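Engineer: Take a look at the following structure, please.
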Amino acid sequence: MIQKIKTLQLLFAGGIDGKQALFDFIIQFDAQFDSKGIETAEKFAPIISNLKDKREKLVGCLDLLMYYPALLFGASEESRINLIEYIKAWEQLYHAFCVNEPTMRQISAGGTSFIARALLLLDTLYVKTPKEWKGILLPLHPIHLWRYYEVFKTLPNKKTTLSDEDKKALSNVLTQLPQVLSFIVANSILTGTTEDRVLPCSGSIEMLSTFENKTNRYLGNDGSGIYRRNTDKMGGLCSLYQK
């Protein structure tokens with residue numbers, strides 16, 4: 001089972017080694033790469049350090065990020081750059097894990113499988129209702145922000161060629177960008193069983209995509225209060241993520 005402490009980092013509880021932050025556990029593989037002389041491995045420590053740094057910059061403008069992301073990234077060049085660097089930092093982490101995964105499995109197959117599943121749970125709030133699991137992407141989820149990344153990474157180069165009509169149309173589109181993630185999975189780390197729960201996208205709350213089982217999505221609003229309370233607390237809590 002995963003516990004959350006005030007640092008909002010995932011901890012192992014009754015898992016690989018009792019209690020350890022997920023990123024700290026991942027970084028430990030760097031020492032194993034060195035001891036085995038694996039020169040092709042991509043070190044996790046600098047990648048994770050960079051990711052934390054880029055994340056902290058976005059946390060400072062979390063309110064705008066959650067409610068007015070198009071305004072934030074369109075009006076502030078610094079925020080636009082922070083967005084691009086943040087998504088690229090996640091890309092580097094995912095790429096490093098893919099490159100290192102075969103070697104990591106030789107070192108610890110169980111630990112590697114746990115990391116793969118745990119990474120997919122980050123920045124997603126899951127709620128277990130009496131009948132079903134539900135989920136919502138949090139404002140700093142890389143897939144939630146990826147749609148803005150795809151627009152704003154190239155937009156500055158095209159501003160001078162846009163007509164007033166194009167700019168108006170673009171402004172309208174930016175507030176209605178579709179969510180690209182069609183489902184999430186409440187995997188065994190959460191459920192405590194061998195069964196994975198696939199949760200299709202079912203709508204949104206405060207611009208954050210929600211997910212729940214199709215057969216259960218209209219049966220009630222159980223759990224929605226928890227979503228709202230936790231998203232309201234997000235601004236205060238995210239600042240503790242890096243501490």
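Identifiers in this document derive from the order of the structure tokens: chains are assigned A, B, ..., residues are numbered from 1 separately in each chain, and ligands are numbered from 1 in order of occurrence.
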Please provide as a list in words all residues within 10 Å of Leu174 (chain A), with the sequence filter that same-chain residues fewer than 4 positions apart are discarded (counting only C-alpha atoms).
Structural biologist: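 These residues fall inside the cut-off: Pro69, Ala70, Leu71, Gly74, Arg147, Tyr148, Val151, Ala169, Leu170 and Pro178 of chain A.
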Engineer: Between region 107-133 of chain A and region 23-47 of chain A, at 10 Å or less, what are the per-residue closest atom pairs and their distances in Å? Count only C-alpha atoms, order by chain and rising residue number, and return it as a Markdown table.
Structural biologist:
| residue | atom | partner | partner_atom | distance |
| --- | --- | --- | --- | --- |
| A:Ile107 | CA | A:Gln32 | CA | 7.8 |
| A:Ser108 | CA | A:Phe29 | CA | 9.4 |
| A:Gly111 | CA | A:Phe25 | CA | 8.8 |
| A:Thr112 | CA | A:Ile26 | CA | 8.7 |
| A:Ile115 | CA | A:Ile26 | CA | 7.4 |
| A:Leu119 | CA | A:Phe23 | CA | 9.3 |
Engineer: As a list in words, please: the residues near Asp53 (chain A) (cut-off 9 Å, only C-alpha atoms, same-chain neighbours under 4 positions excluded).
Structural biologist: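 Skipping anything fewer than 4 positions along the chain leaves Ile48, Ser49, Lys57, Tyr86 and Gln242 of chain A.
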Engineer: Using C-alpha atoms, can you write the selected residues to a file as a PDB file, in the first residue's frame?
Structural biologist:
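Printed below is result-v6.pdb as written:
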ATOM      1  CA  ILE A  48      15.213  13.618 -11.033  1.00  0.00           C
ATOM      2  CA  SER A  49      16.982  16.659  -9.567  1.00  0.00           C
ATOM      3  CA  LYS A  57       8.935  26.676 -10.549  1.00  0.00           C
ATOM      4  CA  TYR A  86       9.022  20.568 -17.092  1.00  0.00           C
ATOM      5  CA  GLN A 242      10.171  19.160  -2.757  1.00  0.00           C
TER       6      GLN A 242
END
Engineer: To one decimal place, how far is CA of Asp123 (chain A) from CA of Arg105 (chain A) in Å?
Structural biologist: 25.1 Å
Engineer: For Trp90 (chain A), work out the shell of residues within 9 Å, counting only C-alpha atoms and skipping chain neighbours fewer than 2 positions away, then give it as number ranges by chain.
Structural biologist: A: 47-48, 51, 85-88, 92-95, 142
Engineer: Which of region 179-208 of chain A counts as strand (DSSP E or B) under DSSP, as a VMD selection string please?
Structural biologist: chain A and resid 183 to 186 197 to 205 208
Engineer: Report, in Å to a single decimal, how far apart CA of Ser113 (chain A) and CA of Val180 (chain A) are.
Structural biologist: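 Interatomic distance, CA of Val180 (chain A) to CA of Ser113 (chain A): 25.3 Å.
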Engineer: Quick one: everything within 6 Å of Leu199 (chain A), counting only C-alpha atoms, minus sequence neighbours fewer than 5 positions away in the same chain. Send it as a list of chain:residue names.
Structural biologist: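 Skipping anything fewer than 5 positions along the chain leaves A:Phe183, A:Ile184, A:Val185, A:Phe211, A:Glu212, A:Asn213.
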Engineer: Which residue is closest to Ser209 (chain A)? Choose from A:Leu83, A:Asn100, A:Leu181, A:Gly192 and count only C-alpha atoms.
Structural biologist: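 Closest to Ser209 (chain A), using only C-alpha atoms: A:Leu181.
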Engineer: CA of Met66 (chain A) and CA of Tyr126 (chain A), how far apart in Å?
Structural biologist: 18.2 Å
Engineer: Which of region 3-228 of chain A end up as helix (DSSP H, G or I) when DSSP is run on this backbone - answer as a ChimeraX atom specification?
Structural biologist: /A:22-35,44-59,62-67,69-75,77-107,109-119,142-152,155-157,159-161,164-174,188-191,224-228
Engineer: My list of candidates is A:Lys168, A:Pro200, A:Leu58, A:Asp63. Which is closest to Ser182 (chain A) when distances are computed with only C-alpha atoms?
Structural biologist: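 Checking each candidate against Ser182 (chain A), we get A:Pro200 as the closest.
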Engineer: Pick the closest to Ala89 (chain A) from A:Pro102, A:Tyr68, A:Phe152, A:Arg55: which is it, counting only C-alpha atoms?
Structural biologist: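 Among the listed residues, the smallest separation from Ala89 (chain A) belongs to A:Arg55.
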Engineer: Choose the residue, out of A:Leu122, A:Asn82, A:Leu140, A:Pro130, that has the smallest atom-to-atom separation from Asn50 (chain A); count only C-alpha atoms.
Structural biologist: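 Distance minimum relative to Asn50 (chain A) lands on A:Asn82.
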